[in-house]
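Asker: Data: work_10.pdb, PDB, C-alpha atoms, pLDDT in the B column.
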```
ATOM      1  CA  MET A   1       0.860  10.099  16.389  1.00 89.00           C
ATOM      2  CA  LYS A   2      -1.887  10.608  13.804  1.00 92.00           C
ATOM      3  CA  GLN A   3      -4.582   7.916  13.255  1.00 94.00           C
ATOM      4  CA  LEU A   4      -5.634   7.344   9.628  1.00 93.00           C
ATOM      5  CA  ALA A   5      -8.303   5.179   8.007  1.00 93.00           C
ATOM      6  CA  GLY A   6      -8.768   4.046   4.443  1.00 91.00           C
ATOM      7  CA  SER A   7     -10.163   1.418   2.104  1.00 91.00           C
ATOM      8  CA  CYS A   8      -9.686  -0.107  -1.298  1.00 87.00           C
ATOM      9  CA  HIS A   9     -11.501   1.574  -4.196  1.00 84.00           C
ATOM     10  CA  CYS A  10     -14.516  -0.775  -4.111  1.00 89.00           C
ATOM     11  CA  GLY A  11     -14.812  -0.495  -0.310  1.00 91.00           C
ATOM     12  CA  ALA A  12     -14.593  -4.248   0.349  1.00 93.00           C
ATOM     13  CA  ILE A  13     -11.458  -3.822   2.477  1.00 93.00           C
ATOM     14  CA  ALA A  14     -11.032  -1.158   5.171  1.00 95.00           C
ATOM     15  CA  PHE A  15      -8.102  -0.415   7.473  1.00 95.00           C
ATOM     16  CA  THR A  16      -6.699   1.934  10.092  1.00 95.00           C
ATOM     17  CA  PHE A  17      -3.113   2.744  11.043  1.00 95.00           C
ATOM     18  CA  SER A  18      -1.008   5.339  12.823  1.00 96.00           C
ATOM     19  CA  THR A  19       1.752   7.541  11.462  1.00 93.00           C
ATOM     20  CA  HIS A  20       4.358   9.944  12.808  1.00 91.00           C
ATOM     21  CA  ALA A  21       4.612  11.733   9.442  1.00 88.00           C
ATOM     22  CA  PRO A  22       3.140  15.252   9.401  1.00 85.00           C
ATOM     23  CA  VAL A  23       2.083  14.641   5.779  1.00 86.00           C
ATOM     24  CA  PRO A  24       1.709  10.844   5.513  1.00 87.00           C
ATOM     25  CA  PHE A  25       1.463  10.628   1.727  1.00 87.00           C
ATOM     26  CA  MET A  26       4.164  10.387  -0.907  1.00 88.00           C
ATOM     27  CA  ARG A  27       4.332   9.972  -4.655  1.00 90.00           C
ATOM     28  CA  CYS A  28       6.213   6.915  -5.845  1.00 87.00           C
ATOM     29  CA  TYR A  29       7.740   6.857  -9.317  1.00 88.00           C
ATOM     30  CA  CYS A  30       9.252   3.347  -9.207  1.00 82.00           C
ATOM     31  CA  THR A  31       8.676   1.164 -12.261  1.00 79.00           C
ATOM     32  CA  ILE A  32       6.095  -0.989 -10.475  1.00 77.00           C
ATOM     33  CA  CYS A  33       4.014   1.987  -9.339  1.00 79.00           C
ATOM     34  CA  ARG A  34       4.241   3.637 -12.755  1.00 80.00           C
ATOM     35  CA  LYS A  35       2.999   0.462 -14.461  1.00 75.00           C
ATOM     36  CA  THR A  36       0.174  -0.294 -12.019  1.00 72.00           C
ATOM     37  CA  SER A  37      -1.168   3.215 -11.395  1.00 73.00           C
ATOM     38  CA  GLY A  38      -3.018   3.489 -14.674  1.00 72.00           C
ATOM     39  CA  GLY A  39      -2.044   7.083 -15.318  1.00 72.00           C
ATOM     40  CA  GLY A  40       0.041  10.002 -14.202  1.00 76.00           C
ATOM     41  CA  GLY A  41       3.254   7.984 -14.071  1.00 82.00           C
ATOM     42  CA  TYR A  42       3.174   7.560 -10.262  1.00 85.00           C
ATOM     43  CA  THR A  43       1.073   6.256  -7.415  1.00 84.00           C
ATOM     44  CA  ILE A  44       0.396   7.723  -3.993  1.00 84.00           C
ATOM     45  CA  ASN A  45       1.481   5.698  -0.969  1.00 85.00           C
ATOM     46  CA  MET A  46       0.585   6.242   2.668  1.00 85.00           C
ATOM     47  CA  LEU A  47       3.339   6.167   5.273  1.00 87.00           C
ATOM     48  CA  GLY A  48       2.505   4.452   8.535  1.00 90.00           C
ATOM     49  CA  GLN A  49       3.684   2.274  11.379  1.00 91.00           C
ATOM     50  CA  TYR A  50       3.169  -1.374  10.358  1.00 89.00           C
ATOM     51  CA  PRO A  51       2.516  -2.632  13.917  1.00 94.00           C
ATOM     52  CA  THR A  52      -0.497  -0.279  14.112  1.00 95.00           C
ATOM     53  CA  LEU A  53      -2.094  -1.566  10.882  1.00 93.00           C
ATOM     54  CA  ASN A  54      -5.551  -3.007  11.585  1.00 96.00           C
ATOM     55  CA  ILE A  55      -7.703  -4.515   8.827  1.00 95.00           C
ATOM     56  CA  THR A  56     -11.214  -3.598   9.984  1.00 97.00           C
ATOM     57  CA  LYS A  57     -13.149  -5.105   7.079  1.00 96.00           C
ATOM     58  CA  GLY A  58     -12.526  -7.718   4.396  1.00 95.00           C
ATOM     59  CA  LYS A  59      -9.348  -9.371   5.692  1.00 92.00           C
ATOM     60  CA  ASP A  60     -10.337 -12.581   3.885  1.00 92.00           C
ATOM     61  CA  LEU A  61     -10.463 -10.648   0.587  1.00 91.00           C
ATOM     62  CA  LEU A  62      -6.785  -9.621   0.615  1.00 89.00           C
ATOM     63  CA  LYS A  63      -4.511 -10.993  -2.102  1.00 82.00           C
ATOM     64  CA  SER A  64      -0.777 -10.531  -2.345  1.00 76.00           C
ATOM     65  CA  TYR A  65       1.956 -10.975  -4.908  1.00 69.00           C
ATOM     66  CA  ARG A  66       5.655 -10.353  -4.984  1.00 68.00           C
ATOM     67  CA  ALA A  67       6.880  -7.866  -7.543  1.00 67.00           C
ATOM     68  CA  VAL A  68      10.381  -8.117  -8.966  1.00 65.00           C
ATOM     69  CA  LYS A  69      12.147  -4.756  -9.361  1.00 63.00           C
ATOM     70  CA  ASP A  70      15.644  -6.086  -9.767  1.00 61.00           C
ATOM     71  CA  LYS A  71      16.579  -9.761  -9.893  1.00 62.00           C
ATOM     72  CA  SER A  72      19.506  -9.127  -7.543  1.00 62.00           C
ATOM     73  CA  VAL A  73      17.290  -8.025  -4.620  1.00 56.00           C
ATOM     74  CA  PRO A  74      14.424  -9.745  -2.780  1.00 56.00           C
ATOM     75  CA  LYS A  75      10.926  -9.281  -4.160  1.00 57.00           C
ATOM     76  CA  ASP A  76       8.666  -6.619  -2.635  1.00 60.00           C
ATOM     77  CA  GLN A  77       5.288  -7.835  -1.402  1.00 59.00           C
ATOM     78  CA  GLN A  78       2.236  -6.013  -2.685  1.00 58.00           C
ATOM     79  CA  VAL A  79      -1.128  -6.552  -0.946  1.00 62.00           C
ATOM     80  CA  LEU A  80      -4.291  -5.796  -2.861  1.00 59.00           C
ATOM     81  CA  CYS A  81      -8.052  -6.172  -2.888  1.00 63.00           C
ATOM     82  CA  GLN A  82      -9.143  -9.113  -5.093  1.00 65.00           C
ATOM     83  CA  ASP A  83     -11.418  -6.827  -7.090  1.00 64.00           C
TER      84      ASP A  83
END
```
Rewrite the coordinates I just gave you, this time as structure tokens.

Answerer:
Amino acid sequence: MKQLAGSCHCGAIAFTFSTHAPVPFMRCYCTICRKTSGGGGYTINMLGQYPTLNITKGKDLLKSYRAVKDKSVPKDQQVLCQD
């Protein structure tokens, strides 16, 4: 399993997680990602094992919202930096 680390753009929140994926990144073209990415028509998501997610900095700065893709399915939770 590969160990990865990352942060939000401003650096206030940092995290680590593990993944089995040989290339743990994917482009997402869903309507939510296209609207929130700010350009390019997609966003890049990291694939990882949720149980291995560790917020190493700024846990108290996390904000979340639930995005509605289709009113017939449950909302997806998005977790973001406040800034």

Asker: Return the single residue from A:Lys63, A:Cys33, A:Lys2, A:Leu53 that is closest to Ala14 of chain A, with distances computed using all atoms listed in the file.

Answerer: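 The closest residue to Ala14 of chain A is A:Leu53.
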
Asker: So, with all atoms listed in the file as the atoms that count, which of A:Leu47, A:Thr52, A:Gly38, A:Ala12 lies closest to Met26 of chain A?

Answerer: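 Nearest to Met26 of chain A: A:Leu47.
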
Asker: One decimal, Å: what's the distance from atom CA of Ser7 of chain A over to atom CA of Leu61 of chain A, could you say?

Answerer: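 Going from atom CA of Ser7 of chain A over to atom CA of Leu61 of chain A, I get 12.2 Å.
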
Asker: Grab the atom CA of Leu4 of chain A to atom CA of Phe17 of chain A distance for me, in Å with one decimal place.

Answerer: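 For atom CA of Leu4 of chain A relative to atom CA of Phe17 of chain A, the distance reads 5.4 Å.
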
Asker: Return as an MDAnalysis selection string the set of residues that the PyMOL selection byres ((chain A and resi 20) around 8) yields on the displayed structure.

Answerer: chainID A and resid 1:2 18:19 21:22 24 48:49

Asker: Report, as AutoDock Vina command-line options, the centre and edge lengths in Å (one decimal) of the axis-aligned box enclosing every listed atom of segment 15-33 of chain A, padded by 5 Å on each side.

Answerer:
```
--center_x 0.6 --center_y 7.1 --center_z 0.3 --size_x 27.4 --size_y 26.2 --size_z 35.1
```

Asker: Just the number, please: distance in Å from atom CA of Gln3 of chain A to atom CA of Thr56 of chain A, one decimal.

Answerer: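 Interatomic distance here is 13.7 Å.
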
Asker: For this file, the PyMOL selection byres ((chain A and resi 45) around 7) selects which residues, as a PyMOL selection string?

Answerer: chain A and resi 25-28+43-44+46-47

Asker: Pull the neighbourhood of (-12.3, -15.1, 2.2) for me: all residues within 12 Å in file coordinates, counting only C-alpha atoms, as a list of chain:residue names.

Answerer: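 Those residues, ordered by chain and then number, are A:Ala12, A:Ile13, A:Lys57, A:Gly58, A:Lys59, A:Asp60, A:Leu61, A:Leu62, A:Lys63, A:Cys81, A:Gln82.
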
Asker: N, CA, C and O atoms are what I want for segment 1-23 of chain A; can you complete it accordingly and write them as a compact mmCIF listing (two decimals), in the coordinates of the input?

Answerer:
```txt
# COMPACT_ATOMS: atom_id res chain seq x y z
N MET A 1 1.01 10.93 17.56
CA MET A 1 0.86 10.10 16.39
C MET A 1 -0.53 10.31 15.82
O MET A 1 -1.50 10.42 16.54
N LYS A 2 -0.63 10.38 14.50
CA LYS A 2 -1.89 10.61 13.80
C LYS A 2 -2.52 9.27 13.42
O LYS A 2 -1.85 8.37 12.93
N GLN A 3 -3.84 9.12 13.63
CA GLN A 3 -4.58 7.92 13.26
C GLN A 3 -5.24 8.16 11.90
O GLN A 3 -5.92 9.17 11.70
N LEU A 4 -5.04 7.24 10.96
CA LEU A 4 -5.63 7.34 9.63
C LEU A 4 -6.49 6.13 9.34
O LEU A 4 -6.27 5.05 9.90
N ALA A 5 -7.44 6.28 8.44
CA ALA A 5 -8.30 5.18 8.01
C ALA A 5 -8.43 5.24 6.50
O ALA A 5 -8.34 6.31 5.90
N GLY A 6 -8.62 4.09 5.89
CA GLY A 6 -8.77 4.05 4.44
C GLY A 6 -9.43 2.76 4.00
O GLY A 6 -9.81 1.92 4.81
N SER A 7 -9.56 2.62 2.68
CA SER A 7 -10.16 1.42 2.10
C SER A 7 -9.67 1.25 0.68
O SER A 7 -9.08 2.17 0.10
N CYS A 8 -9.95 0.09 0.12
CA CYS A 8 -9.69 -0.11 -1.30
C CYS A 8 -10.75 0.67 -2.08
O CYS A 8 -11.73 1.16 -1.50
N HIS A 9 -10.59 0.78 -3.38
CA HIS A 9 -11.50 1.57 -4.20
C HIS A 9 -12.94 1.08 -4.13
O HIS A 9 -13.87 1.87 -4.05
N CYS A 10 -13.14 -0.25 -4.13
CA CYS A 10 -14.52 -0.78 -4.11
C CYS A 10 -15.12 -0.79 -2.71
O CYS A 10 -16.31 -1.01 -2.56
N GLY A 11 -14.31 -0.56 -1.68
CA GLY A 11 -14.81 -0.50 -0.31
C GLY A 11 -14.91 -1.84 0.40
O GLY A 11 -15.34 -1.91 1.54
N ALA A 12 -14.50 -2.92 -0.25
CA ALA A 12 -14.59 -4.25 0.35
C ALA A 12 -13.60 -4.44 1.49
O ALA A 12 -13.83 -5.23 2.40
N ILE A 13 -12.48 -3.72 1.44
CA ILE A 13 -11.46 -3.82 2.48
C ILE A 13 -11.28 -2.45 3.11
O ILE A 13 -11.19 -1.45 2.41
N ALA A 14 -11.25 -2.41 4.44
CA ALA A 14 -11.03 -1.16 5.17
C ALA A 14 -9.93 -1.39 6.21
O ALA A 14 -9.72 -2.50 6.68
N PHE A 15 -9.23 -0.30 6.55
CA PHE A 15 -8.10 -0.42 7.47
C PHE A 15 -7.89 0.88 8.22
O PHE A 15 -8.37 1.94 7.82
N THR A 16 -7.16 0.77 9.33
CA THR A 16 -6.70 1.93 10.09
C THR A 16 -5.22 1.72 10.40
O THR A 16 -4.74 0.59 10.43
N PHE A 17 -4.51 2.80 10.63
CA PHE A 17 -3.11 2.74 11.04
C PHE A 17 -2.69 4.09 11.59
O PHE A 17 -3.38 5.09 11.41
N SER A 18 -1.55 4.11 12.25
CA SER A 18 -1.01 5.34 12.82
C SER A 18 0.26 5.73 12.09
O SER A 18 0.97 4.88 11.54
N THR A 19 0.55 7.03 12.11
CA THR A 19 1.75 7.54 11.46
C THR A 19 2.35 8.68 12.27
O THR A 19 1.62 9.42 12.94
N HIS A 20 3.66 8.81 12.20
CA HIS A 20 4.36 9.94 12.81
C HIS A 20 4.56 11.07 11.80
O HIS A 20 4.91 12.18 12.16
N ALA A 21 4.34 10.76 10.50
CA ALA A 21 4.61 11.73 9.44
C ALA A 21 3.60 12.88 9.48
O ALA A 21 2.40 12.63 9.57
N PRO A 22 4.06 14.12 9.41
CA PRO A 22 3.14 15.25 9.40
C PRO A 22 2.27 15.26 8.14
O PRO A 22 1.13 15.67 8.17
N VAL A 23 2.82 14.80 7.04
CA VAL A 23 2.08 14.64 5.78
C VAL A 23 2.34 13.20 5.35
O VAL A 23 3.35 12.90 4.73
```
